[in-house]
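J.: Next comes final39.cif, mmCIF, C-alpha atoms:
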data_work
loop_
_atom_site.group_PDB
_atom_site.id
_atom_site.type_symbol
_atom_site.label_atom_id
_atom_site.label_comp_id
_atom_site.auth_asym_id
_atom_site.auth_seq_id
_atom_site.Cartn_x
_atom_site.Cartn_y
_atom_site.Cartn_z
ATOM 1 C CA MET A 1 129.277 157.791 91.453
ATOM 2 C CA PRO A 2 129.496 154.533 89.514
ATOM 3 C CA VAL A 3 130.614 154.432 85.940
ATOM 4 C CA ALA A 4 127.845 153.382 83.607
ATOM 5 C CA ILE A 5 128.912 150.200 81.884
ATOM 6 C CA ASP A 6 126.514 148.250 79.757
ATOM 7 C CA LEU A 7 128.243 144.902 79.636
ATOM 8 C CA ASP A 8 125.442 142.558 80.506
ATOM 9 C CA SER A 9 126.256 140.384 77.552
ATOM 10 C CA TYR A 10 129.964 140.143 78.344
ATOM 11 C CA GLY A 11 129.924 138.051 81.455
ATOM 12 C CA SER A 12 130.224 138.667 85.162
ATOM 13 C CA GLY A 13 133.999 138.287 85.063
ATOM 14 C CA ALA A 14 134.415 141.348 82.902
ATOM 15 C CA LEU A 15 131.971 143.325 85.004
ATOM 16 C CA THR A 16 133.773 142.398 88.188
ATOM 17 C CA TYR A 17 137.136 143.440 86.767
ATOM 18 C CA LEU A 18 135.865 146.751 85.478
ATOM 19 C CA SER A 19 133.792 147.683 88.506
ATOM 20 C CA LYS A 20 136.650 146.867 90.829
ATOM 21 C CA ASN A 21 139.064 149.069 88.943
ATOM 22 C CA LEU A 22 136.841 151.897 87.859
ATOM 23 C CA ASN A 23 134.082 152.232 90.396
ATOM 24 C CA GLU A 24 136.175 154.393 92.676
ATOM 25 C CA ARG A 25 137.445 156.548 89.838
ATOM 26 C CA PRO A 26 134.402 157.996 88.163
ATOM 27 C CA GLY A 27 134.705 160.586 85.499
ATOM 28 C CA ILE A 28 138.404 160.228 84.755
ATOM 29 C CA TYR A 29 138.030 159.554 81.110
ATOM 30 C CA ARG A 30 135.525 160.569 78.539
ATOM 31 C CA ALA A 31 136.114 157.288 76.787
ATOM 32 C CA LEU A 32 138.275 154.439 77.923
ATOM 33 C CA GLN A 33 139.381 151.735 75.596
ATOM 34 C CA ILE A 34 140.179 148.410 77.179
ATOM 35 C CA PRO A 35 141.960 145.783 75.148
ATOM 36 C CA SER A 36 140.647 142.342 74.702
ATOM 37 C CA LEU A 37 138.880 140.847 77.698
ATOM 38 C CA GLU A 38 139.087 137.269 76.540
ATOM 39 C CA VAL A 39 141.605 136.462 79.240
ATOM 40 C CA LEU A 40 139.186 137.592 81.917
ATOM 41 C CA SER A 41 136.181 135.772 80.672
ATOM 42 C CA PRO A 42 137.391 133.044 78.348
ATOM 43 C CA SER A 43 134.034 131.367 78.088
ATOM 44 C CA VAL A 44 132.415 134.519 76.804
ATOM 45 C CA SER A 45 133.023 135.952 73.372
ATOM 46 C CA VAL A 46 133.866 139.649 73.688
ATOM 47 C CA PRO A 47 134.938 142.256 71.150
ATOM 48 C CA LYS A 48 138.522 143.376 71.047
ATOM 49 C CA TYR A 49 137.859 146.857 72.399
ATOM 50 C CA ILE A 50 135.231 148.225 74.693
ATOM 51 C CA THR A 51 134.624 151.921 75.008
ATOM 52 C CA ILE A 52 133.372 153.147 78.351
ATOM 53 C CA SER A 53 131.892 156.575 78.711
ATOM 54 C CA ALA A 54 132.310 158.034 82.143
ATOM 55 C CA PRO A 55 130.361 160.996 83.478
ATOM 56 C CA VAL A 56 132.096 164.339 83.140
ATOM 57 C CA VAL A 57 133.261 165.719 86.442
ATOM 58 C CA ARG A 58 132.829 169.257 87.652
ATOM 59 C CA HIS A 59 135.730 171.655 87.386
ATOM 60 C CA LEU A 60 136.242 174.633 89.644
ATOM 61 C CA ARG A 61 135.358 177.970 88.109
ATOM 62 C CA ARG A 62 137.981 180.723 88.222
ATOM 63 C CA ASP A 63 136.194 182.587 90.982
ATOM 64 C CA GLU A 64 135.944 179.357 92.992
ATOM 65 C CA GLN A 65 139.666 178.725 92.559
ATOM 66 C CA LYS A 66 140.364 182.176 93.964
ATOM 67 C CA VAL A 67 138.030 181.502 96.852
ATOM 68 C CA ILE A 68 139.664 178.231 97.754
ATOM 69 C CA SER A 69 143.101 179.858 97.700
ATOM 70 C CA ALA A 70 141.786 182.718 99.808
ATOM 71 C CA ALA A 71 140.266 180.227 102.233
ATOM 72 C CA LEU A 72 143.660 178.609 102.670
ATOM 73 C CA ARG A 73 145.233 181.998 103.365
ATOM 74 C CA ARG A 74 142.501 182.689 105.901
ATOM 75 C CA SER A 75 143.301 179.458 107.732
ATOM 76 C CA VAL A 76 147.070 179.836 108.084
ATOM 77 C CA ARG A 77 149.473 182.039 110.008
ATOM 78 C CA ILE A 78 151.693 184.116 107.737
ATOM 79 C CA ILE A 79 155.224 183.928 109.087
ATOM 80 C CA SER A 80 156.836 186.135 106.528
ATOM 81 C CA SER A 81 155.596 187.992 103.528
ATOM 82 C CA SER A 82 157.383 189.358 100.541
ATOM 83 C CA GLY A 83 154.887 192.229 100.387
ATOM 84 C CA HIS A 84 156.225 195.470 99.013
ATOM 85 C CA THR A 85 156.476 198.417 101.357
ATOM 86 C CA MET B 1 122.774 177.528 105.418
ATOM 87 C CA GLY B 2 125.291 177.797 108.203
ATOM 88 C CA VAL B 3 128.466 175.774 108.543
ATOM 89 C CA ALA B 4 126.761 173.010 110.529
ATOM 90 C CA GLU B 5 123.990 172.596 107.950
ATOM 91 C CA LEU B 6 126.512 172.633 105.117
ATOM 92 C CA VAL B 7 128.552 169.932 106.847
ATOM 93 C CA GLN B 8 125.414 167.806 107.147
ATOM 94 C CA HIS B 9 124.675 168.497 103.493
ATOM 95 C CA ALA B 10 128.214 167.429 102.568
ATOM 96 C CA MET B 11 127.910 164.221 104.543
ATOM 97 C CA ARG B 12 124.632 163.351 102.838
ATOM 98 C CA CYS B 13 126.495 163.640 99.520
ATOM 99 C CA PHE B 14 129.704 162.036 100.744
ATOM 100 C CA ALA B 15 131.176 159.793 98.043
ATOM 101 C CA PHE B 16 132.566 157.053 100.195
ATOM 102 C CA GLN B 17 130.692 154.567 102.280
ATOM 103 C CA SER B 18 132.502 154.824 105.559
ATOM 104 C CA PRO B 19 133.216 158.365 106.776
ATOM 105 C CA GLY B 20 133.580 156.969 110.262
ATOM 106 C CA ALA B 21 136.382 154.735 109.041
ATOM 107 C CA PHE B 22 138.436 157.567 107.578
ATOM 108 C CA TYR B 23 140.710 158.344 110.501
ATOM 109 C CA GLY B 24 142.813 156.916 113.275
ATOM 110 C CA ALA B 25 145.403 158.053 115.770
ATOM 111 C CA ALA B 26 148.692 159.508 114.601
ATOM 112 C CA GLU B 27 150.572 158.764 117.802
ATOM 113 C CA GLY B 28 153.411 156.351 117.336
ATOM 114 C CA ARG B 29 153.501 156.873 113.589
ATOM 115 C CA SER B 30 156.250 158.603 111.658
ATOM 116 C CA PRO B 31 155.622 161.439 109.206
ATOM 117 C CA GLY B 32 154.565 159.877 105.942
ATOM 118 C CA PRO B 33 151.560 159.355 103.647
ATOM 119 C CA GLY B 34 148.293 159.440 105.512
ATOM 120 C CA LEU B 35 149.521 161.663 108.321
ATOM 121 C CA VAL B 36 148.248 165.150 109.151
ATOM 122 C CA TYR B 37 150.333 167.681 111.100
ATOM 123 C CA ARG B 38 149.809 171.185 112.465
ATOM 124 C CA GLY B 39 152.369 173.948 112.700
ATOM 125 C CA VAL B 40 154.136 173.124 109.446
ATOM 126 C CA MET B 41 155.720 175.777 107.231
ATOM 127 C CA PHE B 42 155.002 175.900 103.525
ATOM 128 C CA PRO B 43 155.056 178.430 100.687
ATOM 129 C CA LEU B 44 151.849 180.266 99.900
ATOM 130 C CA PHE B 45 151.456 182.299 96.732
ATOM 131 C CA ASN B 46 150.592 185.948 97.246
ATOM 132 C CA ALA B 47 148.418 187.109 94.348
ATOM 133 C CA ASP B 48 149.098 190.781 95.136
ATOM 134 C CA THR B 49 152.893 190.592 95.088
ATOM 135 C CA ARG B 50 153.094 187.643 92.664
ATOM 136 C CA THR B 51 155.644 186.006 94.972
ATOM 137 C CA PHE B 52 155.454 183.453 97.777
ATOM 138 C CA ASP B 53 154.848 184.117 101.437
ATOM 139 C CA THR B 54 155.822 181.688 104.172
ATOM 140 C CA ALA B 55 152.803 180.289 105.962
ATOM 141 C CA GLU B 56 152.280 177.918 108.851
ATOM 142 C CA GLY B 57 149.273 175.632 109.032
ATOM 143 C CA ILE B 58 147.908 172.124 108.885
ATOM 144 C CA VAL B 59 149.206 169.848 106.173
ATOM 145 C CA TYR B 60 148.730 166.379 104.789
ATOM 146 C CA VAL B 61 151.949 164.477 104.071
ATOM 147 C CA PHE B 62 152.605 162.758 100.741
ATOM 148 C CA THR B 63 156.263 161.805 100.980
ATOM 149 C CA HIS B 64 156.991 158.273 102.116
ATOM 150 C CA GLU B 65 158.086 157.917 105.704
ATOM 151 C CA CYS B 66 161.314 156.179 104.659
ATOM 152 C CA ASP B 67 162.286 159.326 102.765
ATOM 153 C CA ILE B 68 161.609 161.568 105.759
ATOM 154 C CA THR B 69 163.026 159.652 108.707
ATOM 155 C CA GLU B 70 166.468 160.659 109.923
ATOM 156 C CA GLU B 71 167.370 157.007 110.313
ATOM 157 C CA ASN B 72 167.687 156.614 106.553
ATOM 158 C CA GLU B 73 170.645 158.399 105.115
ATOM 159 C CA ARG B 74 169.522 159.264 101.605
ATOM 160 C CA ILE B 75 170.326 161.911 99.099
ATOM 161 C CA PHE B 76 167.604 164.358 98.131
ATOM 162 C CA ASN B 77 165.558 163.864 101.284
ATOM 163 C CA GLU B 78 165.789 167.338 102.777
ATOM 164 C CA LEU B 79 162.346 168.152 101.476
ATOM 165 C CA ALA B 80 158.972 166.495 101.872
ATOM 166 C CA VAL B 81 155.872 166.933 99.722
ATOM 167 C CA VAL B 82 152.769 168.098 101.539
ATOM 168 C CA CYS B 83 149.355 169.547 100.803
ATOM 169 C CA PRO B 84 147.937 172.312 102.999
ATOM 170 C CA ILE B 85 144.579 171.489 104.530
ATOM 171 C CA ILE B 86 141.746 173.999 104.351
ATOM 172 C CA PRO B 87 139.285 173.753 107.241
ATOM 173 C CA PHE B 88 135.774 173.544 105.875
ATOM 174 C CA GLU B 89 134.491 176.498 107.864
ATOM 175 C CA ASP B 90 137.186 178.768 106.401
ATOM 176 C CA PHE B 91 136.137 177.752 102.907
ATOM 177 C CA VAL B 92 132.466 178.398 103.692
ATOM 178 C CA THR B 93 133.233 181.794 105.212
ATOM 179 C CA GLU B 94 135.401 182.865 102.299
ATOM 180 C CA TYR B 95 132.958 181.614 99.678
ATOM 181 C CA GLY B 96 130.021 183.344 101.317
ATOM 182 C CA GLY B 97 131.912 186.596 101.583
ATOM 183 C CA SER B 98 133.225 186.573 98.010
ATOM 184 C CA ILE B 99 130.591 184.874 95.880
ATOM 185 C CA GLY B 100 127.571 184.522 98.117
ATOM 186 C CA HIS B 101 125.813 181.461 99.469
ATOM 187 C CA ASP B 102 123.430 180.635 96.643
ATOM 188 C CA ARG B 103 125.773 178.371 94.686
ATOM 189 C CA LEU B 104 127.613 177.008 97.680
ATOM 190 C CA PRO B 105 125.388 173.975 98.435
ATOM 191 C CA ASN B 106 125.743 172.726 94.859
ATOM 192 C CA LEU B 107 129.525 173.094 94.925
ATOM 193 C CA ILE B 108 129.772 171.383 98.293
ATOM 194 C CA ALA B 109 127.629 168.533 96.991
ATOM 195 C CA SER B 110 130.017 168.136 94.051
ATOM 196 C CA ILE B 111 133.108 168.267 96.247
ATOM 197 C CA ALA B 112 131.771 165.859 98.862
ATOM 198 C CA SER B 113 130.638 163.416 96.183
ATOM 199 C CA ASP B 114 134.174 163.491 94.767
ATOM 200 C CA GLN B 115 133.235 165.016 91.427
ATOM 201 C CA VAL B 116 135.709 167.901 91.507
ATOM 202 C CA TYR B 117 139.065 166.893 90.082
ATOM 203 C CA ARG B 118 141.283 169.086 92.164
ATOM 204 C CA VAL B 119 139.554 169.000 95.502
ATOM 205 C CA PHE B 120 139.275 166.149 98.010
ATOM 206 C CA PHE B 121 136.845 166.375 100.873
ATOM 207 C CA LEU B 122 138.009 165.139 104.274
ATOM 208 C CA PRO B 123 135.038 164.270 106.487
ATOM 209 C CA PRO B 124 134.726 165.700 110.005
ATOM 210 C CA HIS B 125 137.036 164.433 112.684
ATOM 211 C CA LEU B 126 138.541 166.309 115.615
ATOM 212 C CA ASP B 127 140.057 169.675 116.411
ATOM 213 C CA GLU B 128 140.872 171.584 113.232
ATOM 214 C CA LEU B 129 138.961 168.999 111.219
ATOM 215 C CA LYS B 130 135.793 169.068 113.302
ATOM 216 C CA HIS B 131 133.766 170.427 110.374
ATOM 217 C CA GLY B 132 135.749 168.524 107.783
ATOM 218 C CA ALA B 133 138.323 170.010 105.443
ATOM 219 C CA LEU B 134 139.433 170.293 101.852
ATOM 220 C CA LEU B 135 142.618 169.257 100.134
ATOM 221 C CA TYR B 136 143.152 171.509 97.124
ATOM 222 C CA LEU B 137 145.565 169.429 95.105
ATOM 223 C CA ASN B 138 146.930 172.388 93.134
ATOM 224 C CA GLN B 139 148.374 173.653 96.419
ATOM 225 C CA ILE B 140 150.677 170.652 96.800
ATOM 226 C CA CYS B 141 154.102 171.956 97.726
ATOM 227 C CA SER B 142 157.307 171.170 99.603
ATOM 228 C CA THR B 143 158.496 171.792 103.104
ATOM 229 C CA GLN B 144 161.671 170.989 104.987
ATOM 230 C CA ALA B 145 161.445 167.381 106.140
ATOM 231 C CA ASP B 146 162.866 168.204 109.561
ATOM 232 C CA THR B 147 159.889 170.492 110.284
ATOM 233 C CA LEU B 148 157.632 167.422 110.040
ATOM 234 C CA ARG B 149 159.756 165.498 112.494
ATOM 235 C CA THR B 150 159.096 168.154 115.153
ATOM 236 C CA ALA B 151 155.551 169.130 114.132
ATOM 237 C CA GLU B 152 152.531 168.129 116.192
ATOM 238 C CA PRO B 153 150.485 165.276 114.720
ATOM 239 C CA VAL B 154 146.751 165.809 114.284
ATOM 240 C CA CYS B 155 145.537 162.459 112.996
ATOM 241 C CA ALA B 156 146.189 159.681 110.523
ATOM 242 C CA LEU B 157 144.048 158.563 107.632
ATOM 243 C CA SER B 158 143.001 154.935 107.660
ATOM 244 C CA THR B 159 144.130 152.547 104.916
ATOM 245 C CA TYR B 160 140.628 152.874 103.484
ATOM 246 C CA ALA B 161 140.874 156.656 103.292
ATOM 247 C CA LEU B 162 144.412 156.549 101.915
ATOM 248 C CA ALA B 163 143.281 154.298 99.079
ATOM 249 C CA ARG B 164 140.497 156.764 98.195
ATOM 250 C CA LEU B 165 142.953 159.665 98.201
ATOM 251 C CA ASP B 166 145.466 157.701 96.120
ATOM 252 C CA TYR B 167 142.823 157.219 93.437
ATOM 253 C CA LYS B 168 142.163 160.953 93.566
ATOM 254 C CA LEU B 169 145.835 161.679 92.948
ATOM 255 C CA GLN B 170 145.863 159.340 89.989
ATOM 256 C CA ASN B 171 142.832 161.144 88.589
ATOM 257 C CA HIS B 172 144.431 164.518 89.085
ATOM 258 C CA PHE B 173 147.934 163.823 87.825
ATOM 259 C CA LEU B 174 147.543 161.048 85.304
ATOM 260 C CA ARG B 175 144.409 161.782 83.340
ATOM 261 C CA PRO B 176 144.949 161.598 79.576
ATOM 262 C CA LYS B 177 146.229 164.732 77.888
ATOM 263 C CA SER B 178 143.912 166.634 75.652
ATOM 264 C CA GLU B 179 146.846 168.007 73.658
ATOM 265 C CA GLN B 180 148.974 165.506 71.807
ATOM 266 C CA LEU B 181 152.635 165.380 72.701
ATOM 267 C CA PRO B 182 155.349 164.551 70.176
ATOM 268 C CA GLN B 183 155.171 160.871 69.417
ATOM 269 C CA LEU B 184 158.009 158.455 68.997
ATOM 270 C CA THR B 185 157.908 157.046 65.486
#
Here is the file; what I need is its structure written in the form of structure tokens.
T.:
Amino acid sequence: MPVAIDLDSYGSGALTYLSKNLNERPGIYRALQIPSLEVLSPSVSVPKYITISAPVVRHLRRDEQKVISAALRRSVRIISSSGHT
Amino acid sequence: MGVAELVQHAMRCFAFQSPGAFYGAAEGRSPGPGLVYRGVMFPLFNADTRTFDTAEGIVYVFTHECDITEENERIFNELAVVCPIIPFEDFVTEYGGSIGHDRLPNLIASIASDQVYRVFFLPPHLDELKHGALLYLNQICSTQADTLRTAEPVCALSTYALARLDYKLQNHFLRPKSEQLPQLT
């Protein structure tokens, strides 16, 4: 899922840098501040900081966490158990 | 939906462009990042006893091959870091039996589209991975490195797949804290 970045006015250089580094990592940050981009796109005047809002990712619910752990137990062979007798 | 339909559903939602480019042969490669092995021992938490059992299953290797190989004499290389692999059909069976199937397609869509922080979807391949599998990153653990040297290889991830998984690890381990730590002033 691509990160939504509205940087049309900041030049293709900035877009290329950001999409290359963030497109495969959607939803990491709620807001990401990137320092000055002048060095990337010197011909374009950009503000010192750009805030990028990424989509919020989905977290596992508690019951789903238990299920995924149970699924792992289902798939393995138990060699030894510390179960009480 | 049965397992086959859910696999198709997952692949329709799959986050990355080239599921067919995710794997290659493990033969001739040493245990290290990108490699998958069967018959490897690892600790598995027992929720009933609140202690760890010893399990044997399929794992993905994280530790660098130079830190596993016997040819390199290094300190602190008795252990290797691995992540147990959960075959997709086991997850589907367990989910259906515990929670029911209604919510499962939505969760699978989220997992396959790489929206769930802790879970990485491995697309279908061969053998134990024929329906795909899940890496549950909270299950990352250690095993004795010498068990990997004698374990049977299943497959290797491609460089493309490894890069996708590396990003996932960065997401999981390095996302900004929500609670402020003491700051150096």
J.: Which residues, named as in the file, does the PyMOL selection byres ((chain A) within 6 of (chain B)) pick out? Answer as a PyMOL selection string.
T.: chain A and resi 28+57-59+67+71-72+76-83
J.: Provide the CA of Leu148 (chain B) to CA of Tyr23 (chain B) distance in Å, to one decimal place.
T.: 19.2 Å
J.: As an exercise, work out the distance from CA of Tyr60 (chain B) to CA of Tyr160 (chain B) in Å and give it to one decimal place.
T.: 15.8 Å
J.: I'd like to know which of B:His64, B:Gly2, B:Leu137, B:Gly132 is closest to Ala112 (chain B), using all atoms listed in the file.
T.: B:Gly132
J.: With distances taken over all atoms listed in the file, which residue among B:Phe76, B:His9, B:Pro31, B:Ile108 lies nearest Val61 (chain B)?
T.: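 Residue with the minimum atom-to-atom distance to Val61 (chain B): B:Pro31.
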J.: Could you please determine the separation between CA of Asn106 (chain B) and CA of Cys155 (chain B) in Å, to one decimal place?
T.: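 Here the two named atoms are 28.7 Å from each other.
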J.: Counting only C-alpha atoms, which residue out of B:Arg38, B:Lys177, B:His125, B:Arg74 sits closest to Val59 (chain B)?
T.: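 Using only C-alpha atoms, the shortest distance to Val59 (chain B) belongs to B:Arg38.
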J.: List the residues matched by the PyMOL selection byres ((chain B and resi 77-81) around 9) in the displayed structure as a short mmCIF file (atom, residue, chain, number, x, y, z; two decimals) with C-alpha atoms, in the frame of the given file, ordered by chain and then by residue number.
T.:
data_model
loop_
_atom_site.label_atom_id
_atom_site.label_comp_id
_atom_site.auth_asym_id
_atom_site.auth_seq_id
_atom_site.Cartn_x
_atom_site.Cartn_y
_atom_site.Cartn_z
CA GLY B 32 154.56 159.88 105.94
CA TYR B 60 148.73 166.38 104.79
CA VAL B 61 151.95 164.48 104.07
CA PHE B 62 152.60 162.76 100.74
CA THR B 63 156.26 161.80 100.98
CA HIS B 64 156.99 158.27 102.12
CA ASP B 67 162.29 159.33 102.76
CA ILE B 68 161.61 161.57 105.76
CA THR B 69 163.03 159.65 108.71
CA GLU B 73 170.64 158.40 105.12
CA ARG B 74 169.52 159.26 101.60
CA ILE B 75 170.33 161.91 99.10
CA PHE B 76 167.60 164.36 98.13
CA VAL B 82 152.77 168.10 101.54
CA CYS B 83 149.35 169.55 100.80
CA ILE B 140 150.68 170.65 96.80
CA CYS B 141 154.10 171.96 97.73
CA SER B 142 157.31 171.17 99.60
CA THR B 143 158.50 171.79 103.10
CA GLN B 144 161.67 170.99 104.99
CA ALA B 145 161.44 167.38 106.14
CA ASP B 146 162.87 168.20 109.56
CA LEU B 148 157.63 167.42 110.04
#
J.: Taking all atoms listed in the file into account, name the residue in B:Gln183, B:Leu162, B:Arg149, B:Met1 that is nearest to Ala21 (chain B).
T.: B:Leu162
